[in-house]
file query.cif (mmCIF, C-alpha atoms)
data_data
loop_
_atom_site.group_PDB
_atom_site.id
_atom_site.type_symbol
_atom_site.label_atom_id
_atom_site.label_comp_id
_atom_site.auth_asym_id
_atom_site.auth_seq_id
_atom_site.Cartn_x
_atom_site.Cartn_y
_atom_site.Cartn_z
ATOM 1 C CA MET A 16 -5.875 -20.377 23.141
ATOM 2 C CA PRO A 17 -5.509 -21.588 19.543
ATOM 3 C CA SER A 18 -7.909 -24.272 18.414
ATOM 4 C CA PRO A 19 -6.467 -27.767 18.076
ATOM 5 C CA SER A 20 -5.467 -28.918 14.638
ATOM 6 C CA PRO A 21 -5.060 -32.564 13.672
ATOM 7 C CA ARG A 22 -1.736 -33.794 12.312
ATOM 8 C CA GLY A 23 -1.621 -33.231 8.607
ATOM 9 C CA GLY A 24 -4.536 -30.802 8.723
ATOM 10 C CA TYR A 25 -8.277 -31.152 8.510
ATOM 11 C CA ALA A 26 -9.745 -33.267 5.725
ATOM 12 C CA ALA A 27 -12.175 -30.523 4.725
ATOM 13 C CA CYS A 28 -12.978 -26.894 5.341
ATOM 14 C CA LEU A 29 -16.431 -25.469 4.739
ATOM 15 C CA LEU A 30 -16.562 -21.657 4.529
ATOM 16 C CA LEU A 31 -20.193 -20.572 4.906
ATOM 17 C CA ASP A 32 -21.946 -17.325 3.977
ATOM 18 C CA ALA A 33 -19.173 -15.766 1.917
ATOM 19 C CA TRP A 34 -21.522 -12.919 1.009
ATOM 20 C CA ALA A 35 -21.815 -11.925 4.684
ATOM 21 C CA SER A 36 -18.039 -11.550 4.956
ATOM 22 C CA LEU A 37 -17.849 -9.527 1.762
ATOM 23 C CA ASP A 38 -20.918 -7.369 2.380
ATOM 24 C CA ARG A 39 -19.639 -5.576 5.476
ATOM 25 C CA PRO A 40 -19.739 -1.782 5.016
ATOM 26 C CA THR A 41 -16.017 -1.271 5.608
ATOM 27 C CA LEU A 42 -13.098 -0.386 3.397
ATOM 28 C CA ASP A 43 -11.263 -3.590 4.292
ATOM 29 C CA ALA A 44 -14.144 -6.092 3.928
ATOM 30 C CA GLY A 45 -12.519 -7.979 1.041
ATOM 31 C CA GLU A 46 -9.117 -8.037 2.726
ATOM 32 C CA GLU A 47 -10.538 -9.298 6.000
ATOM 33 C CA ALA A 48 -12.659 -11.967 4.299
ATOM 34 C CA LEU A 49 -9.674 -13.257 2.327
ATOM 35 C CA ARG A 50 -7.473 -13.232 5.449
ATOM 36 C CA ARG A 51 -10.006 -15.288 7.402
ATOM 37 C CA TRP A 52 -10.664 -17.706 4.549
ATOM 38 C CA MET A 53 -6.960 -18.313 3.974
ATOM 39 C CA ALA A 54 -6.348 -18.818 7.698
ATOM 40 C CA ALA A 55 -9.071 -21.480 7.805
ATOM 41 C CA ALA A 56 -7.912 -23.060 4.543
ATOM 42 C CA GLY A 57 -4.360 -23.151 5.874
ATOM 43 C CA LEU A 58 -5.502 -25.641 8.527
ATOM 44 C CA THR A 59 -6.776 -27.986 5.817
ATOM 45 C CA ARG A 60 -4.790 -30.664 3.985
ATOM 46 C CA GLY A 61 -3.688 -29.798 0.487
ATOM 47 C CA ALA A 62 -5.540 -31.200 -2.508
ATOM 48 C CA ALA A 63 -2.715 -33.672 -3.167
ATOM 49 C CA ALA A 64 -3.326 -35.124 0.313
ATOM 50 C CA GLY A 65 -7.090 -35.365 -0.254
ATOM 51 C CA GLY A 66 -8.079 -32.087 1.366
ATOM 52 C CA GLN A 67 -11.203 -30.232 0.265
ATOM 53 C CA LEU A 68 -12.068 -26.547 0.581
ATOM 54 C CA VAL A 69 -15.624 -25.401 -0.139
ATOM 55 C CA LEU A 70 -16.683 -21.757 -0.230
ATOM 56 C CA CYS A 71 -20.456 -21.336 0.036
ATOM 57 C CA GLY A 72 -22.565 -18.267 -0.471
ATOM 58 C CA ALA A 73 -20.432 -16.361 -2.965
ATOM 59 C CA PRO A 74 -22.342 -14.797 -5.857
ATOM 60 C CA THR A 75 -22.074 -16.893 -8.999
ATOM 61 C CA HIS A 76 -23.115 -14.191 -11.480
ATOM 62 C CA THR A 77 -19.826 -12.310 -11.140
ATOM 63 C CA THR A 78 -16.190 -12.815 -10.246
ATOM 64 C CA LEU A 79 -15.156 -11.244 -6.953
ATOM 65 C CA PRO A 80 -11.471 -10.466 -6.404
ATOM 66 C CA PRO A 81 -11.286 -11.982 -2.872
ATOM 67 C CA VAL A 82 -12.849 -15.220 -4.141
ATOM 68 C CA GLU A 83 -10.516 -15.262 -7.139
ATOM 69 C CA ALA A 84 -7.509 -14.693 -4.858
ATOM 70 C CA LEU A 85 -8.608 -17.630 -2.693
ATOM 71 C CA VAL A 86 -9.021 -19.899 -5.722
ATOM 72 C CA ARG A 87 -5.606 -18.817 -7.041
ATOM 73 C CA TRP A 88 -4.131 -18.957 -3.519
ATOM 74 C CA ASP A 89 -2.556 -15.606 -4.346
ATOM 75 C CA PRO A 90 -3.113 -12.906 -1.703
ATOM 76 C CA GLY A 91 -0.303 -10.860 -3.312
ATOM 77 C CA TRP A 92 -2.343 -10.539 -6.503
ATOM 78 C CA PHE A 93 -5.315 -9.327 -4.485
ATOM 79 C CA ALA A 94 -3.233 -6.833 -2.492
ATOM 80 C CA GLY A 95 -1.722 -5.422 -5.689
ATOM 81 C CA ARG A 96 -5.157 -5.028 -7.232
ATOM 82 C CA GLU A 97 -6.544 -3.303 -4.129
ATOM 83 C CA LEU A 98 -3.596 -0.930 -4.021
ATOM 84 C CA ALA A 99 -3.949 -0.053 -7.707
ATOM 85 C CA GLU A 100 -7.660 0.708 -7.224
ATOM 86 C CA ARG A 101 -7.000 2.946 -4.214
ATOM 87 C CA VAL A 102 -4.369 5.184 -5.833
ATOM 88 C CA PRO A 103 -6.755 7.219 -8.043
ATOM 89 C CA LEU A 104 -9.279 7.439 -5.190
ATOM 90 C CA SER A 105 -6.665 8.690 -2.681
ATOM 91 C CA LEU A 106 -7.597 5.985 -0.185
ATOM 92 C CA PRO A 107 -5.311 4.365 2.392
ATOM 93 C CA PRO A 108 -2.640 3.101 2.263
ATOM 94 C CA THR A 109 -1.762 5.401 -0.655
ATOM 95 C CA VAL A 110 -2.254 8.497 1.519
ATOM 96 C CA ALA A 111 -1.913 9.354 5.185
ATOM 97 C CA MET A 112 -5.224 9.724 6.967
ATOM 98 C CA ALA A 113 -6.382 10.738 10.399
ATOM 99 C CA THR A 114 -9.730 11.283 12.039
ATOM 100 C CA VAL A 115 -10.755 13.707 14.746
ATOM 101 C CA THR A 116 -14.019 12.783 16.463
ATOM 102 C CA GLY A 117 -15.965 14.485 19.228
ATOM 103 C CA GLU A 118 -18.421 17.279 19.952
ATOM 104 C CA ARG A 119 -18.643 19.669 16.997
ATOM 105 C CA ARG A 120 -17.304 22.706 18.867
ATOM 106 C CA ALA A 121 -14.384 20.791 20.341
ATOM 107 C CA VAL A 122 -13.412 19.282 16.978
ATOM 108 C CA GLU A 123 -13.674 22.631 15.181
ATOM 109 C CA ALA A 124 -11.618 24.389 17.884
ATOM 110 C CA ALA A 125 -8.967 21.671 17.837
ATOM 111 C CA LEU A 126 -8.582 21.822 14.077
ATOM 112 C CA ARG A 127 -8.554 25.613 14.088
ATOM 113 C CA HIS A 128 -5.481 25.542 16.342
ATOM 114 C CA ALA A 129 -3.740 22.646 14.555
ATOM 115 C CA ASP A 130 -0.788 23.446 12.330
ATOM 116 C CA LEU A 131 -1.866 21.090 9.567
ATOM 117 C CA GLY A 132 -0.412 22.788 6.514
ATOM 118 C CA ASP A 133 -2.002 23.607 3.180
ATOM 119 C CA ASP A 134 -1.683 20.123 1.696
ATOM 120 C CA VAL A 135 -3.927 18.467 4.295
ATOM 121 C CA GLU A 136 -7.429 17.975 2.947
ATOM 122 C CA ARG A 137 -10.352 18.167 5.374
ATOM 123 C CA LEU A 138 -13.396 15.985 4.723
ATOM 124 C CA GLY A 139 -16.373 16.762 6.888
ATOM 125 C CA PRO A 140 -17.554 17.249 9.516
ATOM 126 C CA LEU A 141 -19.581 14.066 9.192
ATOM 127 C CA PRO A 142 -22.079 12.723 11.741
ATOM 128 C CA ALA A 143 -20.483 10.201 14.109
ATOM 129 C CA GLY A 144 -23.193 9.163 16.528
ATOM 130 C CA GLU A 145 -26.001 11.152 18.108
ATOM 131 C CA THR A 146 -24.037 14.243 19.111
ATOM 132 C CA ASP A 147 -20.512 13.788 17.754
ATOM 133 C CA VAL A 148 -18.960 14.647 14.414
ATOM 134 C CA ARG A 149 -15.900 13.303 12.628
ATOM 135 C CA VAL A 150 -13.466 15.166 10.399
ATOM 136 C CA VAL A 151 -11.273 13.052 8.150
ATOM 137 C CA LEU A 152 -7.875 14.498 7.312
ATOM 138 C CA ARG A 153 -6.031 13.320 4.209
ATOM 139 C CA ALA A 154 -2.429 14.153 3.346
ATOM 140 C CA PRO A 155 0.315 12.904 1.021
ATOM 141 C CA LEU A 156 2.253 9.950 2.449
ATOM 142 C CA GLU A 157 5.402 12.008 2.904
ATOM 143 C CA ARG A 158 3.438 14.283 5.278
ATOM 144 C CA ARG A 159 2.368 11.454 7.637
ATOM 145 C CA ALA A 160 4.899 12.379 10.343
ATOM 146 C CA ALA A 161 3.990 16.083 10.179
ATOM 147 C CA LEU A 162 0.266 15.284 10.345
ATOM 148 C CA SER A 163 0.816 13.017 13.350
ATOM 149 C CA ALA A 164 2.973 15.643 15.085
ATOM 150 C CA ALA A 165 0.392 18.393 14.508
ATOM 151 C CA LEU A 166 -2.388 16.243 15.961
ATOM 152 C CA ALA A 167 -0.223 15.186 18.918
ATOM 153 C CA GLY A 168 0.392 18.882 19.536
ATOM 154 C CA VAL A 169 -3.339 19.562 19.551
ATOM 155 C CA LYS A 170 -3.897 16.792 22.090
ATOM 156 C CA ALA A 171 -1.052 18.124 24.273
ATOM 157 C CA VAL A 172 -2.430 21.673 24.266
ATOM 158 C CA ARG A 173 -5.948 20.430 25.052
ATOM 159 C CA SER A 174 -4.568 18.343 27.914
ATOM 160 C CA ALA A 175 -2.554 21.262 29.326
ATOM 161 C CA ARG A 176 -5.665 23.457 29.198
ATOM 162 C CA LYS A 177 -7.670 20.684 30.861
ATOM 163 C CA GLU A 178 -10.331 20.876 28.162
ATOM 164 C CA ARG A 179 -13.455 19.036 29.273
ATOM 165 C CA ALA A 180 -14.847 18.057 25.895
ATOM 166 C CA VAL A 181 -13.236 14.821 24.747
ATOM 167 C CA ILE A 182 -11.931 14.406 21.224
ATOM 168 C CA GLN A 183 -10.550 11.217 19.755
ATOM 169 C CA VAL A 184 -7.651 11.392 17.311
ATOM 170 C CA ARG A 185 -6.772 8.344 15.205
ATOM 171 C CA VAL A 186 -3.921 8.322 12.710
ATOM 172 C CA ASP A 187 -4.206 5.813 9.851
ATOM 173 C CA PRO A 188 -7.439 4.208 11.055
ATOM 174 C CA PRO A 189 -8.324 0.961 9.258
ATOM 175 C CA ASP A 190 -11.535 2.547 8.009
ATOM 176 C CA PRO A 191 -11.691 6.376 8.191
ATOM 177 C CA ALA A 192 -15.497 6.379 8.053
ATOM 178 C CA ARG A 193 -15.766 4.421 11.320
#

call {"tool": "encode", "arguments": {"input": "query.cif", "output": "structure tokens"}}
result
Amino acid sequence: MPSPSPRGGYAACLLLDAWASLDRPTLDAGEEALRRWMAAAGLTRGAAAGGQLVLCGAPTHTTLPPVEALVRWDPGWFAGRELAERVPLSLPPTVAMATVTGERRAVEAALRHADLGDDVERLGPLPAGETDVRVVLRAPLERRAALSAALAGVKAVRSARKERAVIQVRVDPPDPAR
């Protein structure tokens, strides 16, 4: 149930602990913080109508892009900046990504039988819990459908064989490390 909002919006919005929103160890921490801040600010009257927005807890020794985007009220600027920074690093959404997580042997066997193609880069295996590992797969955007089809094929074969070890396949996860 959405929270009630007074006619004309709230007179003020106080956003606390900005650092906590920005300091999350995820790829989308800045995006998520800005989304939440703008959603809250959107319930507040505009400055011309006497509304006030206060962001507390942001570092003052540096300019942070999500804070700047909030001040500018320009999420498009922030999104463009994020995208430009991700291109040279080959991070989503500039590439297709998938993760395969499960017991080491099951993940290795699944990937051994997957028809991934030569242009799919494998990162890992990386630890993913006490006993599981995760392999991150990265491919050019134009190969997203082929990557998805190959992984769906792996899941289908494993299901038909009634494999006991569970693997989790995620295509385009929000944060490939999680």

call {"tool": "closest_residue", "arguments": {"input": "query.cif", "among": "A:Met53, A:Ala129, A:Ala154, A:Leu30", "to": "Ala84 of chain A", "atoms": "only C-alpha atoms"}}
result
A:Met53

call {"tool": "residues_around", "arguments": {"input": "query.cif", "residues": "Tyr25 of chain A", "least_positions_apart": "6", "cutoff": "8 Å", "atoms": "all atoms listed in the file", "output": "PDB file with C-alpha atoms, keeping the file's coordinate frame"}}
result
ATOM      1  CA  LEU A  58      -5.502 -25.641   8.527  1.00  0.00           C
ATOM      2  CA  THR A  59      -6.776 -27.986   5.817  1.00  0.00           C
ATOM      3  CA  ARG A  60      -4.790 -30.664   3.985  1.00  0.00           C
ATOM      4  CA  GLY A  66      -8.079 -32.087   1.366  1.00  0.00           C
TER       5      GLY A  66
END

call {"tool": "atom_distance", "arguments": {"input": "query.cif", "atom1": "atom CA of Asp130 of chain A", "atom2": "atom CA of Ala165 of chain A"}}
result
5.6 Å

call {"tool": "axis_aligned_box", "arguments": {"input": "query.cif", "around": "segment 143-147 of chain A", "padding_each_side": "8 Å", "output": "JSON"}}
result
{"center_x": -23.2, "center_y": 11.7, "center_z": 16.6, "size_x": 21.5, "size_y": 21.1, "size_z": 21.0}

call {"tool": "residues_near_point", "arguments": {"input": "query.cif", "point": "(-6.4, -7.4, -1.7)", "cutoff": "10 Å", "atoms": "only C-alpha atoms", "output": "list in words"}}
result
Asp43, Ala44, Gly45, Glu46, Glu47, Ala48, Leu49, Arg50, Pro80, Pro81, Ala84, Asp89, Pro90, Gly91, Trp92, Phe93, Ala94, Gly95, Arg96, Glu97, Leu98, Ala99 and Glu100 of chain A

call {"tool": "atom_distance", "arguments": {"input": "query.cif", "atom1": "atom CA of Val122 of chain A", "atom2": "atom CA of Ile182 of chain A"}}
result
6.6 Å

call {"tool": "residues_around", "arguments": {"input": "query.cif", "residues": "Gly168 of chain A", "least_positions_apart": "2", "cutoff": "12 Å", "atoms": "all atoms listed in the file", "output": "PDB file with C-alpha atoms, in the coordinates of the input"}}
result
ATOM      1  CA  ALA A 125      -8.967  21.671  17.837  1.00  0.00           C
ATOM      2  CA  LEU A 126      -8.582  21.822  14.077  1.00  0.00           C
ATOM      3  CA  HIS A 128      -5.481  25.542  16.342  1.00  0.00           C
ATOM      4  CA  ALA A 129      -3.740  22.646  14.555  1.00  0.00           C
ATOM      5  CA  ASP A 130      -0.788  23.446  12.330  1.00  0.00           C
ATOM      6  CA  LEU A 131      -1.866  21.090   9.567  1.00  0.00           C
ATOM      7  CA  ALA A 161       3.990  16.083  10.179  1.00  0.00           C
ATOM      8  CA  LEU A 162       0.266  15.284  10.345  1.00  0.00           C
ATOM      9  CA  SER A 163       0.816  13.017  13.350  1.00  0.00           C
ATOM     10  CA  ALA A 164       2.973  15.643  15.085  1.00  0.00           C
ATOM     11  CA  ALA A 165       0.392  18.393  14.508  1.00  0.00           C
ATOM     12  CA  LEU A 166      -2.388  16.243  15.961  1.00  0.00           C
ATOM     13  CA  LYS A 170      -3.897  16.792  22.090  1.00  0.00           C
ATOM     14  CA  ALA A 171      -1.052  18.124  24.273  1.00  0.00           C
ATOM     15  CA  VAL A 172      -2.430  21.673  24.266  1.00  0.00           C
ATOM     16  CA  ARG A 173      -5.948  20.430  25.052  1.00  0.00           C
ATOM     17  CA  SER A 174      -4.568  18.343  27.914  1.00  0.00           C
ATOM     18  CA  ALA A 175      -2.554  21.262  29.326  1.00  0.00           C
ATOM     19  CA  VAL A 184      -7.651  11.392  17.311  1.00  0.00           C
TER      20      VAL A 184
END

call {"tool": "resolve_selection", "arguments": {"input": "query.cif", "expression": "the PyMOL selection byres ((chain A and resi 112) around 12)", "output": "number ranges by chain"}}
result
A: 105-111, 113-115, 135-138, 150-163, 166, 184-192

call {"tool": "write_last_selection", "arguments": {"input": "query.cif", "atoms": "C-alpha atoms", "output": "JSON list (two decimals), in the frame of the given file"}}
result
[["chain", "number", "residue", "atom", "x", "y", "z"],
["A", 105, "SER", "CA", -6.66, 8.69, -2.68],
["A", 106, "LEU", "CA", -7.60, 5.98, -0.18],
["A", 107, "PRO", "CA", -5.31, 4.36, 2.39],
["A", 108, "PRO", "CA", -2.64, 3.10, 2.26],
["A", 109, "THR", "CA", -1.76, 5.40, -0.66],
["A", 110, "VAL", "CA", -2.25, 8.50, 1.52],
["A", 111, "ALA", "CA", -1.91, 9.35, 5.18],
["A", 113, "ALA", "CA", -6.38, 10.74, 10.40],
["A", 114, "THR", "CA", -9.73, 11.28, 12.04],
["A", 115, "VAL", "CA", -10.76, 13.71, 14.75],
["A", 135, "VAL", "CA", -3.93, 18.47, 4.30],
["A", 136, "GLU", "CA", -7.43, 17.98, 2.95],
["A", 137, "ARG", "CA", -10.35, 18.17, 5.37],
["A", 138, "LEU", "CA", -13.40, 15.98, 4.72],
["A", 150, "VAL", "CA", -13.47, 15.17, 10.40],
["A", 151, "VAL", "CA", -11.27, 13.05, 8.15],
["A", 152, "LEU", "CA", -7.88, 14.50, 7.31],
["A", 153, "ARG", "CA", -6.03, 13.32, 4.21],
["A", 154, "ALA", "CA", -2.43, 14.15, 3.35],
["A", 155, "PRO", "CA", 0.32, 12.90, 1.02],
["A", 156, "LEU", "CA", 2.25, 9.95, 2.45],
["A", 157, "GLU", "CA", 5.40, 12.01, 2.90],
["A", 158, "ARG", "CA", 3.44, 14.28, 5.28],
["A", 159, "ARG", "CA", 2.37, 11.45, 7.64],
["A", 160, "ALA", "CA", 4.90, 12.38, 10.34],
["A", 161, "ALA", "CA", 3.99, 16.08, 10.18],
["A", 162, "LEU", "CA", 0.27, 15.28, 10.34],
["A", 163, "SER", "CA", 0.82, 13.02, 13.35],
["A", 166, "LEU", "CA", -2.39, 16.24, 15.96],
["A", 184, "VAL", "CA", -7.65, 11.39, 17.31],
["A", 185, "ARG", "CA", -6.77, 8.34, 15.20],
["A", 186, "VAL", "CA", -3.92, 8.32, 12.71],
["A", 187, "ASP", "CA", -4.21, 5.81, 9.85],
["A", 188, "PRO", "CA", -7.44, 4.21, 11.06],
["A", 189, "PRO", "CA", -8.32, 0.96, 9.26],
["A", 190, "ASP", "CA", -11.54, 2.55, 8.01],
["A", 191, "PRO", "CA", -11.69, 6.38, 8.19],
["A", 192, "ALA", "CA", -15.50, 6.38, 8.05]]

call {"tool": "atom_distance", "arguments": {"input": "query.cif", "atom1": "atom CA of Val82 of chain A", "atom2": "atom CA of Arg22 of chain A"}}
result
27.2 Å

call {"tool": "residues_around", "arguments": {"input": "query.cif", "residues": "Cys28 of chain A", "least_positions_apart": "5", "cutoff": "12 Å", "atoms": "all atoms listed in the file", "output": "number ranges by chain"}}
result
A: 52-62, 65-71

call {"tool": "residues_near_point", "arguments": {"input": "query.cif", "point": "(-22.8, -14.1, -4.4)", "cutoff": "12 Å", "atoms": "all atoms listed in the file", "output": "list of chain:residue names"}}
result
A:Leu31, A:Asp32, A:Ala33, A:Trp34, A:Ala35, A:Ser36, A:Leu37, A:Asp38, A:Leu70, A:Cys71, A:Gly72, A:Ala73, A:Pro74, A:Thr75, A:His76, A:Thr77, A:Thr78, A:Leu79, A:Pro81, A:Val82

call {"tool": "closest_residue", "arguments": {"input": "query.cif", "among": "A:Arg87, A:Arg101, A:Arg119, A:Arg127", "to": "Gly139 of chain A", "atoms": "only C-alpha atoms"}}
result
A:Arg119

call {"tool": "closest_residue", "arguments": {"input": "query.cif", "among": "A:Ala64, A:Glu118, A:Glu83, A:Arg176", "to": "Ala143 of chain A", "atoms": "all atoms listed in the file"}}
result
A:Glu118
